[in-house]
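**Q** Can you read through this structure? Questions will come right after.
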Amino acid sequence: MDANAIVQSFHPKLQPYIREVLCSGNVGICAGSLKIDDVQSGRPTIEESDCGDRFKLIIPYAEVGIIEENVPSLANWDSQDSKSLLYVICELLALYRKHQVSLLSDYSRLQFEYSSLVYQTPVCEDDVEVLIGSRGTNIKSRLMGGAVNFLIRLKIDFSDLPPVPTGEDSGECAAVLVVTFHPPEGSRIIPQLFLSPRVEKALGGSSSFHLPPFPSGSCLMDYVPVVAEQLRDRVSAMCVTYEKKKEYLGAFCYRMGKAMLEFDAISFSRASFLLECRDFYFLLHVSLPMHFPKERPVFVLQSVYHSSYGKPFKSRYDDYPYSPRWDPSEMVERACTCITSYVEVFQRNSIQSCPI
């Protein structure tokens with residue numbers, strides 16, 4: 001059921017509050033939205049109009065949904081403010097966060113991990129969510145039966161990230177580090193990094209950043225800054241790569257003039273040209289790898305006359321001089337010189353590819 005249908009299932013007087021909750025976006029650190037489920041009415045009715053007035057609220061916290069079935073009314077509830085319910089949810093989340101942190105006091109190792117992280121690093125209390133694993137009477141019994149999660153929001157500036165195609169740029173940019181302390185007594189530690197879709201796409205996919213392992217004998221106070229710095233370096237490198245790609249394709253388009261057919265004006269990763277050499281016409285496809293200029297461009301020549309097995313004849317060309325230290329104009333000039341020399345070979349191969 002979509003958000004609008006959920007809103008319509010409530011009594012009209014409640015709909016403004018529900019709309020604010022569903023449209024509020026993310027609360028807390030976890031990259032997830034508030035969800036409403038199991039909408040019911042507290043009165044018997046045979047009316048066709050919707051009159052829901054009670055429901056289950058699922059709040060994302062440390063990668064686990066917290067279900068509040070009975071949201072208490074507050075003394076300062078303002079029925080004229082459509083955000084009143086959202087305020088209650090935020091207060092509940094803050095109280096639950098404090099409660100989880102308080103449970104760490106029974107276990108010195110995890111209490112140290114939390115205290116040293118929020119008081120001796122740039123990470124503040126609002127950037128951390130703690131969730132004790134399985135239920136038990138105290139922290140030690142819980143540690144024996146389940147893990148303890150530290151969910152940490154990394155303070156990274158993503159404002160200069162390269163743009164991504166329309167439809168893939170929705171949502172805010174965020175990076176969340178989840179460190180799980182497994183029993184017995186948190187001796188086994190597993191870190192995981194979660195990037196928002198916008199950031200993941202801009203950095204080249206989920207496998208583009210390799211999270212360093214949690215060193216034996218280390219602690220969050222030391223590990224989290226290392227991860228944050230490595231991610232900043234990755235973001236900075238992608239920004240540099242983006243500008244280099246932009247310069248290179250700009251120089252290529254200037255060199256080719258009106259021969260350009262297609263041009264990637266978002267990520268500057270590819271372009272295609274219709275060229276002619278000694279009355280022989282062909283297409284030249286230019287692709288820039290993710291780690292350009294460290295990795296050289298890829299050129300593919302495509303015949304406009306001949307085909308092989310029902311497909312246009314193509315040939316990849318990568319045997320040309322290249323250095324990532326050259327400026328873009330020199331890269332382009334040297335590549336074009338070599339491609340021009342290769343056209344005769346490509347033409348002969350394309351003719352030979354045709355069946356007799």
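Each chain in the structure tokens gets a letter, A, B, ..., in the order shown, and its residues are numbered from 1; ligands are numbered from 1 in order too.
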Need to verify the contact set: stretch 279-290 of chain A, 6 Å, only C-alpha atoms, exclusion of same-chain residues closer than 4 positions in sequence. Can you return it as a PDB file with N, CA and C atoms, in the first residue's frame?

**A**
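Output file out24.pdb follows:
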ATOM      1  N   SER A 269      31.725   9.727 -19.199  1.00  0.00           N
ATOM      2  CA  SER A 269      32.391   8.428 -19.292  1.00  0.00           C
ATOM      3  C   SER A 269      32.474   7.878 -20.709  1.00  0.00           C
ATOM      4  N   ARG A 270      31.752   8.464 -21.638  1.00  0.00           N
ATOM      5  CA  ARG A 270      31.768   7.907 -23.000  1.00  0.00           C
ATOM      6  C   ARG A 270      31.340   8.952 -24.022  1.00  0.00           C
ATOM      7  N   ALA A 271      31.743   8.680 -25.255  1.00  0.00           N
ATOM      8  CA  ALA A 271      31.353   9.520 -26.389  1.00  0.00           C
ATOM      9  C   ALA A 271      31.525   8.700 -27.663  1.00  0.00           C
ATOM     10  N   SER A 272      30.773   9.059 -28.699  1.00  0.00           N
ATOM     11  CA  SER A 272      30.858   8.360 -29.991  1.00  0.00           C
ATOM     12  C   SER A 272      30.983   9.385 -31.113  1.00  0.00           C
ATOM     13  N   PHE A 273      31.746   9.021 -32.141  1.00  0.00           N
ATOM     14  CA  PHE A 273      32.011   9.937 -33.253  1.00  0.00           C
ATOM     15  C   PHE A 273      31.883   9.192 -34.580  1.00  0.00           C
ATOM     16  N   LEU A 274      31.402   9.883 -35.603  1.00  0.00           N
ATOM     17  CA  LEU A 274      31.373   9.369 -36.972  1.00  0.00           C
ATOM     18  C   LEU A 274      32.535   9.998 -37.721  1.00  0.00           C
ATOM     19  N   LEU A 275      33.522   9.172 -38.108  1.00  0.00           N
ATOM     20  CA  LEU A 275      34.753   9.684 -38.692  1.00  0.00           C
ATOM     21  C   LEU A 275      34.961   9.146 -40.108  1.00  0.00           C
ATOM     22  N   PRO A 297      42.020   5.177 -21.530  1.00  0.00           N
ATOM     23  CA  PRO A 297      40.736   5.094 -22.239  1.00  0.00           C
ATOM     24  C   PRO A 297      40.682   3.867 -23.144  1.00  0.00           C
ATOM     25  N   VAL A 298      39.466   3.442 -23.406  1.00  0.00           N
ATOM     26  CA  VAL A 298      39.234   2.299 -24.298  1.00  0.00           C
ATOM     27  C   VAL A 298      38.608   2.818 -25.587  1.00  0.00           C
ATOM     28  N   PHE A 299      39.195   2.441 -26.736  1.00  0.00           N
ATOM     29  CA  PHE A 299      38.675   2.841 -28.042  1.00  0.00           C
ATOM     30  C   PHE A 299      38.130   1.619 -28.771  1.00  0.00           C
ATOM     31  N   VAL A 300      36.951   1.767 -29.353  1.00  0.00           N
ATOM     32  CA  VAL A 300      36.357   0.705 -30.155  1.00  0.00           C
ATOM     33  C   VAL A 300      35.975   1.300 -31.502  1.00  0.00           C
ATOM     34  N   LEU A 301      36.513   0.727 -32.568  1.00  0.00           N
ATOM     35  CA  LEU A 301      36.166   1.155 -33.925  1.00  0.00           C
ATOM     36  C   LEU A 301      35.065   0.247 -34.458  1.00  0.00           C
ATOM     37  N   GLN A 302      34.087   0.831 -35.097  1.00  0.00           N
ATOM     38  CA  GLN A 302      32.939   0.076 -35.615  1.00  0.00           C
ATOM     39  C   GLN A 302      32.702   0.436 -37.079  1.00  0.00           C
ATOM     40  N   SER A 303      32.626  -0.578 -37.905  1.00  0.00           N
ATOM     41  CA  SER A 303      32.398  -0.365 -39.333  1.00  0.00           C
ATOM     42  C   SER A 303      30.936   0.011 -39.584  1.00  0.00           C
ATOM     43  N   VAL A 304      30.722   0.917 -40.528  1.00  0.00           N
ATOM     44  CA  VAL A 304      29.348   1.263 -40.925  1.00  0.00           C
ATOM     45  C   VAL A 304      28.939   0.471 -42.175  1.00  0.00           C
TER      46      VAL A 304
END

**Q** Please return, as a ChimeraX atom specification, all residues of stretch 83-248 of chain A that DSSP assigns to alpha helix (DSSP H) on the basis of the backbone.

**A** /A:84-102,108-120,139-145,197-202,220-248

**Q** For a quick check of understanding, using only C-alpha atoms, which of A:Gln8, A:Ser84, A:Ser216, A:Ser236 has the smallest distance to A:Asp53?

**A**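 So, comparing all the options, the nearest one is A:Gln8.
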
**Q** Excluding A:Val130 and any residue of its chain fewer than 5 positions from it, enumerate the residues within 8 Å of it, using only C-alpha atoms, and give them as a ChimeraX atom specification.

**A** /A:62,97,100-101,148-151

**Q** Applying 12 Å and only C-alpha atoms, which residues near A:Leu95 remain after dropping the ones on its own chain fewer than 6 positions away? List them as JSON, numbers by chain.

**A** {"A": [28, 88, 89, 101, 102, 129]}

**Q** Would you output that residue set with all heavy atoms, as a JSON list (two decimals), in the first residue's frame?

**A**
[["chain", "number", "residue", "atom", "x", "y", "z"],
["A", 28, "GLY", "N", 16.54, 9.61, 13.09],
["A", 28, "GLY", "CA", 17.67, 8.86, 13.62],
["A", 28, "GLY", "C", 18.77, 8.71, 12.59],
["A", 28, "GLY", "O", 18.88, 9.49, 11.65],
["A", 88, "VAL", "N", 6.30, 13.35, 18.80],
["A", 88, "VAL", "CA", 6.23, 12.26, 19.76],
["A", 88, "VAL", "C", 7.18, 11.13, 19.34],
["A", 88, "VAL", "O", 7.90, 10.56, 20.17],
["A", 88, "VAL", "CB", 4.79, 11.72, 19.87],
["A", 88, "VAL", "CG1", 4.75, 10.48, 20.75],
["A", 88, "VAL", "CG2", 3.88, 12.80, 20.42],
["A", 89, "ILE", "N", 7.18, 10.81, 18.07],
["A", 89, "ILE", "CA", 8.04, 9.73, 17.57],
["A", 89, "ILE", "C", 9.51, 10.05, 17.80],
["A", 89, "ILE", "O", 10.29, 9.20, 18.24],
["A", 89, "ILE", "CB", 7.76, 9.49, 16.07],
["A", 89, "ILE", "CG1", 6.33, 8.98, 15.87],
["A", 89, "ILE", "CG2", 8.77, 8.52, 15.48],
["A", 89, "ILE", "CD1", 5.89, 8.96, 14.43],
["A", 101, "VAL", "N", 21.78, 2.88, 25.60],
["A", 101, "VAL", "CA", 23.12, 3.28, 26.05],
["A", 101, "VAL", "C", 23.29, 2.98, 27.53],
["A", 101, "VAL", "O", 24.35, 2.54, 27.98],
["A", 101, "VAL", "CB", 23.38, 4.77, 25.76],
["A", 101, "VAL", "CG1", 24.68, 5.23, 26.41],
["A", 101, "VAL", "CG2", 23.44, 5.00, 24.25],
["A", 102, "SER", "N", 22.24, 3.21, 28.32],
["A", 102, "SER", "CA", 22.32, 2.97, 29.76],
["A", 102, "SER", "C", 22.58, 1.50, 30.07],
["A", 102, "SER", "O", 23.19, 1.17, 31.10],
["A", 102, "SER", "CB", 21.03, 3.43, 30.45],
["A", 102, "SER", "OG", 19.93, 2.58, 30.10],
["A", 129, "GLU", "N", 23.87, 5.03, 17.47],
["A", 129, "GLU", "CA", 22.76, 4.26, 18.00],
["A", 129, "GLU", "C", 23.30, 2.90, 18.44],
["A", 129, "GLU", "O", 24.10, 2.28, 17.73],
["A", 129, "GLU", "CB", 21.66, 4.07, 16.96],
["A", 129, "GLU", "CG", 20.91, 5.36, 16.63],
["A", 129, "GLU", "CD", 19.85, 5.17, 15.56],
["A", 129, "GLU", "OE1", 19.75, 4.05, 15.00],
["A", 129, "GLU", "OE2", 19.14, 6.14, 15.26]]

**Q** Please list as a list in words every residue within 10 Å of A:Tyr322, counting only C-alpha atoms and excluding residues in the same chain fewer than 5 positions away.

**A**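 Surrounding residues, per the criterion: Pro293, Glu295, Arg296, Pro297, Glu330, Met331, Val332, Arg334 and Ala335 of chain A.
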
**Q** Next, dump the selected residues to file, keeping only all heavy atoms, as a PDB file, in the first residue's frame.

**A**
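Output below, filename result25.pdb:
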ATOM      1  N   PRO A 293      42.554   9.047 -14.682  1.00  0.00           N
ATOM      2  CA  PRO A 293      43.471   8.706 -15.774  1.00  0.00           C
ATOM      3  C   PRO A 293      44.482   7.604 -15.437  1.00  0.00           C
ATOM      4  O   PRO A 293      45.363   7.339 -16.246  1.00  0.00           O
ATOM      5  CB  PRO A 293      44.174  10.034 -16.013  1.00  0.00           C
ATOM      6  CG  PRO A 293      44.238  10.653 -14.655  1.00  0.00           C
ATOM      7  CD  PRO A 293      42.967  10.269 -13.968  1.00  0.00           C
ATOM      8  N   GLU A 295      43.907   4.505 -15.307  1.00  0.00           N
ATOM      9  CA  GLU A 295      43.638   3.512 -16.341  1.00  0.00           C
ATOM     10  C   GLU A 295      43.376   4.229 -17.665  1.00  0.00           C
ATOM     11  O   GLU A 295      42.678   5.247 -17.693  1.00  0.00           O
ATOM     12  CB  GLU A 295      42.434   2.657 -15.952  1.00  0.00           C
ATOM     13  CG  GLU A 295      42.643   1.848 -14.684  1.00  0.00           C
ATOM     14  CD  GLU A 295      41.409   1.077 -14.278  1.00  0.00           C
ATOM     15  OE1 GLU A 295      40.351   1.255 -14.940  1.00  0.00           O
ATOM     16  OE2 GLU A 295      41.475   0.321 -13.302  1.00  0.00           O
ATOM     17  N   ARG A 296      43.881   3.698 -18.738  1.00  0.00           N
ATOM     18  CA  ARG A 296      43.788   4.370 -20.039  1.00  0.00           C
ATOM     19  C   ARG A 296      42.396   4.239 -20.658  1.00  0.00           C
ATOM     20  O   ARG A 296      41.652   3.295 -20.362  1.00  0.00           O
ATOM     21  CB  ARG A 296      44.818   3.810 -21.007  1.00  0.00           C
ATOM     22  CG  ARG A 296      44.602   2.336 -21.368  1.00  0.00           C
ATOM     23  CD  ARG A 296      45.591   1.895 -22.431  1.00  0.00           C
ATOM     24  NE  ARG A 296      46.972   2.061 -21.989  1.00  0.00           N
ATOM     25  CZ  ARG A 296      48.005   2.144 -22.827  1.00  0.00           C
ATOM     26  NH1 ARG A 296      47.801   2.053 -24.133  1.00  0.00           N
ATOM     27  NH2 ARG A 296      49.224   2.305 -22.363  1.00  0.00           N
ATOM     28  N   PRO A 297      42.020   5.177 -21.530  1.00  0.00           N
ATOM     29  CA  PRO A 297      40.736   5.094 -22.239  1.00  0.00           C
ATOM     30  C   PRO A 297      40.682   3.867 -23.144  1.00  0.00           C
ATOM     31  O   PRO A 297      41.711   3.335 -23.568  1.00  0.00           O
ATOM     32  CB  PRO A 297      40.706   6.385 -23.064  1.00  0.00           C
ATOM     33  CG  PRO A 297      41.660   7.307 -22.377  1.00  0.00           C
ATOM     34  CD  PRO A 297      42.727   6.434 -21.812  1.00  0.00           C
ATOM     35  N   GLU A 330      47.222  16.502 -24.855  1.00  0.00           N
ATOM     36  CA  GLU A 330      48.285  15.642 -25.377  1.00  0.00           C
ATOM     37  C   GLU A 330      47.803  14.197 -25.469  1.00  0.00           C
ATOM     38  O   GLU A 330      48.126  13.487 -26.433  1.00  0.00           O
ATOM     39  CB  GLU A 330      49.519  15.712 -24.472  1.00  0.00           C
ATOM     40  CG  GLU A 330      50.690  14.883 -24.989  1.00  0.00           C
ATOM     41  CD  GLU A 330      51.955  15.043 -24.162  1.00  0.00           C
ATOM     42  OE1 GLU A 330      51.909  15.804 -23.172  1.00  0.00           O
ATOM     43  OE2 GLU A 330      52.967  14.400 -24.499  1.00  0.00           O
ATOM     44  N   MET A 331      47.039  13.739 -24.498  1.00  0.00           N
ATOM     45  CA  MET A 331      46.465  12.392 -24.560  1.00  0.00           C
ATOM     46  C   MET A 331      45.650  12.217 -25.829  1.00  0.00           C
ATOM     47  O   MET A 331      45.764  11.206 -26.536  1.00  0.00           O
ATOM     48  CB  MET A 331      45.562  12.140 -23.349  1.00  0.00           C
ATOM     49  CG  MET A 331      46.260  12.039 -22.020  1.00  0.00           C
ATOM     50  SD  MET A 331      45.037  11.747 -20.696  1.00  0.00           S
ATOM     51  CE  MET A 331      46.091  11.753 -19.245  1.00  0.00           C
ATOM     52  N   VAL A 332      44.807  13.207 -26.120  1.00  0.00           N
ATOM     53  CA  VAL A 332      43.913  13.125 -27.268  1.00  0.00           C
ATOM     54  C   VAL A 332      44.699  13.149 -28.575  1.00  0.00           C
ATOM     55  O   VAL A 332      44.445  12.341 -29.494  1.00  0.00           O
ATOM     56  CB  VAL A 332      42.881  14.274 -27.236  1.00  0.00           C
ATOM     57  CG1 VAL A 332      42.099  14.336 -28.548  1.00  0.00           C
ATOM     58  CG2 VAL A 332      41.928  14.086 -26.054  1.00  0.00           C
ATOM     59  N   ARG A 334      47.840  12.305 -29.235  1.00  0.00           N
ATOM     60  CA  ARG A 334      48.608  11.079 -29.440  1.00  0.00           C
ATOM     61  C   ARG A 334      47.692   9.912 -29.785  1.00  0.00           C
ATOM     62  O   ARG A 334      48.022   9.077 -30.646  1.00  0.00           O
ATOM     63  CB  ARG A 334      49.413  10.756 -28.190  1.00  0.00           C
ATOM     64  CG  ARG A 334      50.518  11.748 -27.897  1.00  0.00           C
ATOM     65  CD  ARG A 334      51.576  11.118 -27.030  1.00  0.00           C
ATOM     66  NE  ARG A 334      52.674  12.014 -26.742  1.00  0.00           N
ATOM     67  CZ  ARG A 334      53.884  11.635 -26.362  1.00  0.00           C
ATOM     68  NH1 ARG A 334      54.150  10.343 -26.251  1.00  0.00           N
ATOM     69  NH2 ARG A 334      54.837  12.493 -26.103  1.00  0.00           N
ATOM     70  N   ALA A 335      46.535   9.849 -29.128  1.00  0.00           N
ATOM     71  CA  ALA A 335      45.588   8.774 -29.417  1.00  0.00           C
ATOM     72  C   ALA A 335      45.060   8.889 -30.846  1.00  0.00           C
ATOM     73  O   ALA A 335      44.973   7.885 -31.573  1.00  0.00           O
ATOM     74  CB  ALA A 335      44.433   8.806 -28.421  1.00  0.00           C
TER      75      ALA A 335
END

**Q** Would you please work out which residue, of A:Ile189, A:Cys253, A:Cys239, A:Leu203, is nearest to A:Tyr223 when using only C-alpha atoms?

**A**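 Among the listed residues, A:Ile189 lies closest to A:Tyr223.
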
**Q** Any idea what's packed within 7 Å of A:Ser267, counting only C-alpha atoms, ignoring anything in its chain fewer than 5 positions away? Could you give it as a list in words?

**A**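 Once the adjacent positions are removed, what remains is Pro162, Pro163 and Val164 of chain A.
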
**Q** Counting only C-alpha atoms, figure out which residue out of A:Pro321, A:Ser187, A:Lys314, A:Phe10 gets nearest to A:Ser353.

**A** A:Lys314

**Q** Pick from A:Ile6, A:Leu161, A:Leu249, A:Val118: nearest to A:Ala265, with only C-alpha atoms counted?

**A**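 Once distances to A:Ala265 are computed over only C-alpha atoms, the minimum belongs to A:Leu249.
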
**Q** A:Ser108, A:Gly310, A:Lys245, A:Gly52: which is nearest A:Ile266, counting only C-alpha atoms?

**A** A:Lys245

**Q** Would you mind listing what lies within 10 Å of A:Arg255 as a PDB file with N, CA and C atoms, in the first residue's frame, with only C-alpha atoms counted and same-chain residues fewer than 4 positions away left out?

**A**
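For reference, part_3.pdb as written:
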ATOM      1  N   LEU A 249      37.214  14.355 -22.319  1.00  0.00           N
ATOM      2  CA  LEU A 249      36.180  14.290 -23.353  1.00  0.00           C
ATOM      3  C   LEU A 249      35.940  15.652 -23.981  1.00  0.00           C
ATOM      4  N   GLY A 250      36.136  16.711 -23.191  1.00  0.00           N
ATOM      5  CA  GLY A 250      36.021  18.050 -23.766  1.00  0.00           C
ATOM      6  C   GLY A 250      37.075  18.279 -24.843  1.00  0.00           C
ATOM      7  N   ALA A 251      38.304  17.839 -24.556  1.00  0.00           N
ATOM      8  CA  ALA A 251      39.388  17.967 -25.535  1.00  0.00           C
ATOM      9  C   ALA A 251      39.127  17.088 -26.754  1.00  0.00           C
ATOM     10  N   ALA A 259      31.976  15.921 -35.754  1.00  0.00           N
ATOM     11  CA  ALA A 259      31.871  14.469 -35.940  1.00  0.00           C
ATOM     12  C   ALA A 259      31.204  13.770 -34.757  1.00  0.00           C
ATOM     13  N   MET A 260      30.949  14.491 -33.684  1.00  0.00           N
ATOM     14  CA  MET A 260      30.384  13.866 -32.489  1.00  0.00           C
ATOM     15  C   MET A 260      28.948  13.410 -32.728  1.00  0.00           C
ATOM     16  N   SER A 329      44.875  17.338 -23.580  1.00  0.00           N
ATOM     17  CA  SER A 329      45.070  17.633 -25.005  1.00  0.00           C
ATOM     18  C   SER A 329      46.163  16.771 -25.616  1.00  0.00           C
ATOM     19  N   VAL A 332      44.807  13.207 -26.120  1.00  0.00           N
ATOM     20  CA  VAL A 332      43.913  13.125 -27.268  1.00  0.00           C
ATOM     21  C   VAL A 332      44.699  13.149 -28.575  1.00  0.00           C
ATOM     22  N   GLU A 333      45.654  14.033 -28.704  1.00  0.00           N
ATOM     23  CA  GLU A 333      46.433  14.149 -29.934  1.00  0.00           C
ATOM     24  C   GLU A 333      47.197  12.873 -30.232  1.00  0.00           C
ATOM     25  N   CYS A 336      44.712  10.093 -31.259  1.00  0.00           N
ATOM     26  CA  CYS A 336      44.166  10.293 -32.607  1.00  0.00           C
ATOM     27  C   CYS A 336      45.190   9.946 -33.684  1.00  0.00           C
TER      28      CYS A 336
END
